[in-house]
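Below: target26.tsv (TSV, C-alpha atoms)
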```tsv
chain	number	residue	atom	x	y	z
A	1	MET	CA	40.28	20.53	14.71
A	2	ARG	CA	36.87	22.01	13.86
A	3	VAL	CA	37.24	21.01	10.22
A	4	ARG	CA	38.06	17.46	11.24
A	5	ARG	CA	34.96	17.27	13.49
A	6	PHE	CA	32.82	18.79	10.75
A	7	LEU	CA	34.07	16.25	8.19
A	8	LEU	CA	33.55	13.40	10.64
A	9	ALA	CA	29.99	14.58	11.37
A	10	LEU	CA	29.30	14.93	7.65
A	11	LEU	CA	30.62	11.43	6.98
A	12	LEU	CA	28.52	10.01	9.83
A	13	ALA	CA	25.38	11.75	8.52
A	14	ALA	CA	25.96	10.42	4.99
A	15	TRP	CA	26.53	6.90	6.31
A	16	THR	CA	23.35	7.09	8.43
A	17	ALA	CA	21.30	8.35	5.47
A	18	LEU	CA	22.59	5.50	3.30
A	19	ALA	CA	21.79	2.91	5.98
A	20	VAL	CA	18.25	4.27	6.40
A	21	ALA	CA	17.66	4.31	2.63
A	22	GLN	CA	18.79	0.70	2.32
A	23	ALA	CA	16.55	-0.40	5.20
A	24	LEU	CA	13.39	1.09	3.68
A	25	PRO	CA	11.36	-1.11	1.35
A	26	PRO	CA	11.51	-0.06	-2.30
A	27	LYS	CA	8.70	2.21	-3.47
A	28	PRO	CA	6.03	0.50	-5.55
A	29	GLY	CA	6.38	1.08	-9.26
A	30	PRO	CA	3.79	2.98	-11.23
A	31	LYS	CA	0.18	1.90	-11.12
A	32	PRO	CA	-1.24	0.42	-14.32
A	33	GLY	CA	-2.61	2.88	-16.84
A	34	PRO	CA	-5.99	2.50	-18.56
A	35	LYS	CA	-4.46	0.64	-21.52
A	36	ASP	CA	-1.98	-1.63	-19.72
A	37	LEU	CA	-2.60	-5.27	-20.56
A	38	CYS	CA	-1.61	-8.34	-18.56
A	39	PRO	CA	1.17	-10.01	-20.58
A	40	VAL	CA	-0.18	-13.46	-19.64
A	41	CYS	CA	-3.90	-13.22	-20.42
A	42	GLY	CA	-4.31	-9.88	-22.23
A	43	MET	CA	-6.88	-8.41	-19.81
A	44	LEU	CA	-6.96	-4.70	-19.00
A	45	VAL	CA	-5.24	-4.61	-15.63
A	46	SER	CA	-6.55	-1.27	-14.32
A	47	LYS	CA	-10.12	-2.61	-14.31
A	48	TYR	CA	-9.10	-4.96	-11.47
A	49	SER	CA	-7.20	-2.62	-9.16
A	50	ASN	CA	-7.92	-4.78	-6.09
A	51	TRP	CA	-5.94	-7.62	-7.66
A	52	VAL	CA	-3.01	-5.87	-9.38
A	53	ALA	CA	0.43	-7.46	-9.25
A	54	THR	CA	3.47	-5.71	-10.72
A	55	ILE	CA	6.99	-6.71	-11.67
A	56	VAL	CA	9.54	-3.90	-11.95
A	57	TYR	CA	12.80	-4.59	-13.75
A	58	LYS	CA	16.20	-3.18	-12.83
A	59	ASP	CA	16.07	-0.98	-15.95
A	60	GLY	CA	12.69	0.45	-14.89
A	61	HIS	CA	10.54	-1.60	-17.27
A	62	VAL	CA	7.23	-2.65	-15.70
A	63	HIS	CA	4.74	-5.48	-16.26
A	64	HIS	CA	1.33	-5.35	-14.60
A	65	PHE	CA	-0.88	-8.40	-14.01
A	66	ASP	CA	-4.56	-8.83	-13.22
A	67	GLY	CA	-3.71	-11.05	-10.26
A	68	ALA	CA	-0.97	-12.97	-8.48
A	69	LYS	CA	-1.81	-16.13	-10.43
A	70	ASP	CA	-0.78	-14.59	-13.76
A	71	MET	CA	2.20	-12.93	-12.11
A	72	PHE	CA	3.37	-16.37	-10.95
A	73	LYS	CA	2.89	-17.83	-14.44
A	74	PHE	CA	5.10	-15.03	-15.74
A	75	TRP	CA	7.61	-15.47	-12.89
A	76	PHE	CA	8.20	-19.10	-13.82
A	77	ASP	CA	8.58	-18.46	-17.57
A	78	PRO	CA	9.05	-14.76	-18.42
A	79	ALA	CA	10.43	-15.42	-21.91
A	80	LYS	CA	7.18	-17.18	-22.86
A	81	TYR	CA	5.21	-13.97	-22.29
A	82	ALA	CA	7.78	-11.22	-23.01
A	83	ALA	CA	10.69	-12.06	-25.30
A	84	GLY	CA	14.07	-11.16	-23.85
A	85	HIS	CA	12.83	-10.76	-20.30
A	86	LYS	CA	14.56	-12.77	-17.59
A	87	ARG	CA	13.89	-13.43	-13.94
A	88	GLU	CA	17.36	-12.27	-12.91
A	89	ASP	CA	16.60	-8.81	-14.35
A	90	MET	CA	13.58	-8.34	-12.04
A	91	ALA	CA	14.15	-5.85	-9.23
A	92	VAL	CA	10.91	-5.98	-7.22
A	93	ILE	CA	7.55	-7.73	-7.34
A	94	TRP	CA	4.39	-6.24	-5.86
A	95	VAL	CA	0.99	-7.74	-5.08
A	96	THR	CA	-2.13	-6.11	-3.65
A	97	ASP	CA	-3.05	-7.16	-0.12
A	98	PHE	CA	-6.64	-8.42	-0.06
A	99	TYR	CA	-7.67	-6.64	3.14
A	100	ASN	CA	-6.03	-3.22	2.99
A	101	LEU	CA	-5.67	-2.99	-0.82
A	102	GLN	CA	-2.10	-1.71	-0.42
A	103	ARG	CA	0.72	-2.92	-2.59
A	104	MET	CA	3.26	-5.04	-0.78
A	105	ASP	CA	6.40	-7.03	-1.55
A	106	ALA	CA	5.19	-10.26	-3.18
A	107	ARG	CA	8.01	-12.23	-1.57
A	108	LYS	CA	6.73	-11.30	1.91
A	109	ALA	CA	3.04	-11.99	1.23
A	110	TRP	CA	1.08	-15.04	2.32
A	111	TYR	CA	-1.16	-16.61	-0.36
A	112	VAL	CA	-4.40	-18.48	0.22
A	113	THR	CA	-5.63	-20.88	-2.46
A	114	GLY	CA	-8.91	-22.69	-2.92
A	115	SER	CA	-11.12	-20.07	-1.28
A	116	ASP	CA	-14.61	-18.92	-2.22
A	117	VAL	CA	-13.16	-15.55	-3.32
A	118	LEU	CA	-12.54	-15.44	-7.07
A	119	GLY	CA	-10.27	-13.02	-8.91
A	120	PRO	CA	-10.64	-11.67	-12.45
A	121	MET	CA	-9.45	-15.00	-13.89
A	122	GLY	CA	-11.28	-17.31	-11.47
A	123	HIS	CA	-9.48	-19.13	-8.67
A	124	GLU	CA	-6.61	-17.01	-7.46
A	125	PHE	CA	-3.68	-16.78	-5.08
A	126	VAL	CA	-5.15	-14.31	-2.58
A	127	PRO	CA	-2.29	-12.18	-1.20
A	128	LEU	CA	-2.31	-11.23	2.47
A	129	ALA	CA	0.14	-9.19	4.52
A	130	SER	CA	0.57	-11.51	7.49
A	131	LYS	CA	0.35	-15.14	8.47
A	132	GLU	CA	-2.44	-14.21	10.89
A	133	ASP	CA	-4.45	-12.49	8.12
A	134	ALA	CA	-3.95	-15.54	5.92
A	135	ALA	CA	-5.18	-17.87	8.69
A	136	ASP	CA	-8.26	-15.70	9.27
A	137	PHE	CA	-8.98	-15.49	5.54
A	138	LEU	CA	-8.55	-19.25	5.19
A	139	LYS	CA	-11.26	-19.84	7.83
A	140	GLU	CA	-13.63	-17.08	6.69
A	141	HIS	CA	-13.49	-17.95	2.99
A	142	LYS	CA	-13.18	-21.74	3.07
A	143	GLY	CA	-9.62	-21.68	1.76
A	144	ARG	CA	-7.64	-24.85	1.26
A	145	LYS	CA	-4.01	-23.85	1.76
A	146	VAL	CA	-1.71	-21.01	2.84
A	147	LEU	CA	1.56	-20.63	0.93
A	148	THR	CA	4.58	-18.37	0.98
A	149	PHE	CA	6.06	-17.00	-2.25
A	150	ASP	CA	8.75	-19.70	-2.25
A	151	GLN	CA	6.19	-22.48	-1.76
A	152	VAL	CA	4.39	-21.66	-5.00
A	153	THR	CA	5.59	-24.12	-7.64
A	154	LYS	CA	5.42	-23.84	-11.42
A	155	ASP	CA	2.39	-26.16	-11.71
A	156	LEU	CA	0.21	-24.46	-9.06
A	157	PRO	CA	-1.06	-21.53	-11.19
A	158	THR	CA	-2.24	-23.94	-13.92
A	159	ASN	CA	-3.79	-26.17	-11.28
A	160	LEU	CA	-5.76	-23.17	-9.99
A	161	ASP	CA	-7.02	-22.54	-13.52
A	162	ASP	CA	-8.34	-26.09	-13.52
A	163	GLY	CA	-9.90	-25.74	-10.05
A	164	ARG	CA	-7.31	-28.06	-8.47
A	165	PHE	CA	-5.94	-26.89	-5.14
```
Go ahead and express the file in the form of structure tokens.
Amino acid sequence: MRVRRFLLALLLAAWTALAVAQALPPKPGPKPGPKDLCPVCGMLVSKYSNWVATIVYKDGHVHHFDGAKDMFKFWFDPAKYAAGHKREDMAVIWVTDFYNLQRMDARKAWYVTGSDVLGPMGHEFVPLASKEDAADFLKEHKGRKVLTFDQVTKDLPTNLDDGRF
């Protein structure tokens, strides 16, 4: 009887640990090193730590970007910038929140466009952790629009390059 209870308790503990591990957000991948280049524009990414975006692949491969705008360009056409790389092989995508400078899941971020805040490559998708932060940023920095990850379309990053919001 004791063995049965012990095994049941052990099984319950393992199941609980697995459930907790699956509920936690994935850990951000490595930070860019001093020689890591953005695959889209070729800039040294580590020089712009407040803007870093990162894509981590299922096999552990990592691409760092000097901002969300270049990350989105890559997202829409990875093979153009890195032969053999596909969107379906991407495990997680990180962006840097503008206010707290912490990396966060890019799919959960809110992005402001058309503001008076410029990134390393000019007009940028400014990532923010909450809808409220995005609304405040929009007002404070004369932004034009707030978007979710899924609302960013393939043409928007190029439009930002051209100053079209």
Grab the atom CA of Phe149 of chain A to atom CA of Thr96 of chain A distance for me, in Å with one decimal place.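 Here the two named atoms are 13.7 Å from each other.
Between Pro78 of chain A and the candidates A:His141, A:His123, A:Lys108, A:His63, the tightest atom-to-atom separation, counting all atoms listed in the file, involves A:His63.
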Quick check, in Å to one decimal: how far apart do atom CA of Val152 of chain A and atom CA of Lys31 of chain A lie?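 Between these atoms lies a distance of 24.7 Å.
Distances from A:Asp155, A:Asp70, A:Asp36, A:Asp150 to Gly119 of chain A were compared using only C-alpha atoms, and the smallest one belongs to A:Asp70.
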Using only C-alpha atoms for the distances, tell me which of A:Leu156, A:Val52, A:Leu37, A:Ala79 is nearest to Pro127 of chain A.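 Closest residue, counting only C-alpha atoms: A:Val52.
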If you count all atoms listed in the file, which residues fall within 8 Å of Phe125 of chain A, apart from same-chain ones fewer than 6 positions away, as a PDB file with C-alpha atoms, in the frame of the given file?
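Full text of part36.pdb as output:
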```pdb
ATOM      1  CA  GLY A  67      -3.710 -11.050 -10.260  1.00  0.00           C
ATOM      2  CA  ALA A  68      -0.970 -12.970  -8.480  1.00  0.00           C
ATOM      3  CA  LYS A  69      -1.810 -16.130 -10.430  1.00  0.00           C
ATOM      4  CA  TYR A 111      -1.160 -16.610  -0.360  1.00  0.00           C
ATOM      5  CA  VAL A 112      -4.400 -18.480   0.220  1.00  0.00           C
ATOM      6  CA  THR A 113      -5.630 -20.880  -2.460  1.00  0.00           C
TER       7      THR A 113
END
```
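Between Val92 of chain A and the residues A:Ile55, A:Leu128, A:Ala134, A:Met121, the shortest atom-to-atom distance, using only C-alpha atoms, involves A:Ile55.
For the atom pair formed by atom CA of Met90 of chain A and atom CA of Lys73 of chain A, the distance is 14.5 Å, given to one decimal.
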Nearest to Glu124 of chain A, chosen from A:Arg164, A:Lys86, A:Arg107, A:Lys139, with all atoms listed in the file counted in the distances: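 Of A:Arg164, A:Lys86, A:Arg107, A:Lys139, the one nearest Glu124 of chain A is A:Arg164, counting all atoms listed in the file.
Counting only C-alpha atoms and comparing A:Val126, A:Leu44, A:Leu160, A:Ala53, the residue that lies closest to Met104 of chain A is A:Ala53.
Near Asp89 of chain A, within 9 Å and counting all atoms listed in the file, sit A:Val56, A:Tyr57, A:Lys58, A:Asp59; same-chain residues fewer than 6 positions away were not included.
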For segment 100-125 of chain A, where the input has fewer atoms than it should, I would like N, CA, C and O atoms rebuilt and written as an mmCIF file, in the coordinates of the input.
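Writing the result to part_32.cif gives the following:
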```cif
data_model
loop_
_atom_site.group_PDB
_atom_site.id
_atom_site.type_symbol
_atom_site.label_atom_id
_atom_site.label_comp_id
_atom_site.auth_asym_id
_atom_site.auth_seq_id
_atom_site.Cartn_x
_atom_site.Cartn_y
_atom_site.Cartn_z
ATOM 1 N N ASN A 100 -6.236 -4.671 2.962
ATOM 2 C CA ASN A 100 -6.030 -3.220 2.990
ATOM 3 C C ASN A 100 -5.838 -2.597 1.604
ATOM 4 O O ASN A 100 -5.692 -1.390 1.490
ATOM 5 N N LEU A 101 -5.800 -3.428 0.574
ATOM 6 C CA LEU A 101 -5.670 -2.990 -0.820
ATOM 7 C C LEU A 101 -4.413 -2.163 -1.076
ATOM 8 O O LEU A 101 -4.358 -1.372 -2.006
ATOM 9 N N GLN A 102 -3.394 -2.373 -0.241
ATOM 10 C CA GLN A 102 -2.100 -1.710 -0.420
ATOM 11 C C GLN A 102 -1.147 -2.660 -1.125
ATOM 12 O O GLN A 102 -1.189 -3.866 -0.915
ATOM 13 N N ARG A 103 -0.282 -2.075 -1.943
ATOM 14 C CA ARG A 103 0.720 -2.920 -2.590
ATOM 15 C C ARG A 103 1.788 -3.297 -1.569
ATOM 16 O O ARG A 103 2.163 -2.501 -0.717
ATOM 17 N N MET A 104 2.249 -4.536 -1.692
ATOM 18 C CA MET A 104 3.260 -5.040 -0.780
ATOM 19 C C MET A 104 4.237 -5.937 -1.542
ATOM 20 O O MET A 104 3.932 -6.408 -2.637
ATOM 21 N N ASP A 105 5.385 -6.166 -0.962
ATOM 22 C CA ASP A 105 6.400 -7.030 -1.550
ATOM 23 C C ASP A 105 5.832 -8.441 -1.683
ATOM 24 O O ASP A 105 5.446 -9.067 -0.698
ATOM 25 N N ALA A 106 5.781 -8.936 -2.908
ATOM 26 C CA ALA A 106 5.190 -10.260 -3.180
ATOM 27 C C ALA A 106 5.935 -11.366 -2.448
ATOM 28 O O ALA A 106 5.333 -12.381 -2.081
ATOM 29 N N ARG A 107 7.222 -11.191 -2.232
ATOM 30 C CA ARG A 107 8.010 -12.230 -1.570
ATOM 31 C C ARG A 107 7.702 -12.325 -0.072
ATOM 32 O O ARG A 107 8.058 -13.297 0.570
ATOM 33 N N LYS A 108 7.067 -11.290 0.495
ATOM 34 C CA LYS A 108 6.730 -11.300 1.910
ATOM 35 C C LYS A 108 5.252 -11.616 2.160
ATOM 36 O O LYS A 108 4.833 -11.729 3.304
ATOM 37 N N ALA A 109 4.482 -11.725 1.104
ATOM 38 C CA ALA A 109 3.040 -11.990 1.230
ATOM 39 C C ALA A 109 2.790 -13.459 1.558
ATOM 40 O O ALA A 109 3.637 -14.330 1.341
ATOM 41 N N TRP A 110 1.599 -13.695 2.089
ATOM 42 C CA TRP A 110 1.080 -15.040 2.320
ATOM 43 C C TRP A 110 -0.060 -15.217 1.334
ATOM 44 O O TRP A 110 -0.860 -14.296 1.134
ATOM 45 N N TYR A 111 -0.172 -16.380 0.702
ATOM 46 C CA TYR A 111 -1.160 -16.610 -0.360
ATOM 47 C C TYR A 111 -2.106 -17.739 0.034
ATOM 48 O O TYR A 111 -1.660 -18.821 0.390
ATOM 49 N N VAL A 112 -3.406 -17.455 -0.059
ATOM 50 C CA VAL A 112 -4.400 -18.480 0.220
ATOM 51 C C VAL A 112 -4.950 -18.962 -1.120
ATOM 52 O O VAL A 112 -5.281 -18.163 -1.999
ATOM 53 N N THR A 113 -5.044 -20.284 -1.263
ATOM 54 C CA THR A 113 -5.630 -20.880 -2.460
ATOM 55 C C THR A 113 -6.897 -21.643 -2.090
ATOM 56 O O THR A 113 -7.093 -22.014 -0.940
ATOM 57 N N GLY A 114 -7.732 -21.861 -3.097
ATOM 58 C CA GLY A 114 -8.910 -22.690 -2.920
ATOM 59 C C GLY A 114 -10.050 -22.054 -2.158
ATOM 60 O O GLY A 114 -10.935 -22.748 -1.678
ATOM 61 N N SER A 115 -10.068 -20.724 -2.058
ATOM 62 C CA SER A 115 -11.120 -20.070 -1.280
ATOM 63 C C SER A 115 -12.365 -19.817 -2.140
ATOM 64 O O SER A 115 -12.369 -20.070 -3.350
ATOM 65 N N ASP A 116 -13.391 -19.272 -1.491
ATOM 66 C CA ASP A 116 -14.610 -18.920 -2.220
ATOM 67 C C ASP A 116 -14.531 -17.525 -2.834
ATOM 68 O O ASP A 116 -15.492 -17.034 -3.414
ATOM 69 N N VAL A 117 -13.375 -16.872 -2.714
ATOM 70 C CA VAL A 117 -13.160 -15.550 -3.320
ATOM 71 C C VAL A 117 -12.465 -15.773 -4.665
ATOM 72 O O VAL A 117 -11.390 -16.384 -4.726
ATOM 73 N N LEU A 118 -13.089 -15.290 -5.732
ATOM 74 C CA LEU A 118 -12.540 -15.440 -7.070
ATOM 75 C C LEU A 118 -11.963 -14.118 -7.560
ATOM 76 O O LEU A 118 -12.513 -13.049 -7.277
ATOM 77 N N GLY A 119 -10.868 -14.199 -8.293
ATOM 78 C CA GLY A 119 -10.270 -13.020 -8.910
ATOM 79 C C GLY A 119 -10.779 -12.845 -10.328
ATOM 80 O O GLY A 119 -11.693 -13.562 -10.763
ATOM 81 N N PRO A 120 -10.204 -11.928 -11.077
ATOM 82 C CA PRO A 120 -10.640 -11.670 -12.450
ATOM 83 C C PRO A 120 -10.554 -12.897 -13.371
ATOM 84 O O PRO A 120 -11.327 -13.016 -14.317
ATOM 85 N N MET A 121 -9.632 -13.804 -13.071
ATOM 86 C CA MET A 121 -9.450 -15.000 -13.890
ATOM 87 C C MET A 121 -9.869 -16.272 -13.137
ATOM 88 O O MET A 121 -9.353 -17.344 -13.380
ATOM 89 N N GLY A 122 -10.800 -16.136 -12.203
ATOM 90 C CA GLY A 122 -11.280 -17.310 -11.470
ATOM 91 C C GLY A 122 -10.512 -17.529 -10.190
ATOM 92 O O GLY A 122 -10.192 -16.587 -9.471
ATOM 93 N N HIS A 123 -10.223 -18.796 -9.895
ATOM 94 C CA HIS A 123 -9.480 -19.130 -8.670
ATOM 95 C C HIS A 123 -8.150 -18.400 -8.690
ATOM 96 O O HIS A 123 -7.499 -18.302 -9.731
ATOM 97 N N GLU A 124 -7.750 -17.922 -7.520
ATOM 98 C CA GLU A 124 -6.610 -17.010 -7.460
ATOM 99 C C GLU A 124 -5.770 -17.294 -6.222
ATOM 100 O O GLU A 124 -6.226 -17.912 -5.263
ATOM 101 N N PHE A 125 -4.517 -16.850 -6.262
ATOM 102 C CA PHE A 125 -3.680 -16.780 -5.080
ATOM 103 C C PHE A 125 -4.071 -15.465 -4.400
ATOM 104 O O PHE A 125 -3.803 -14.393 -4.939
#
```
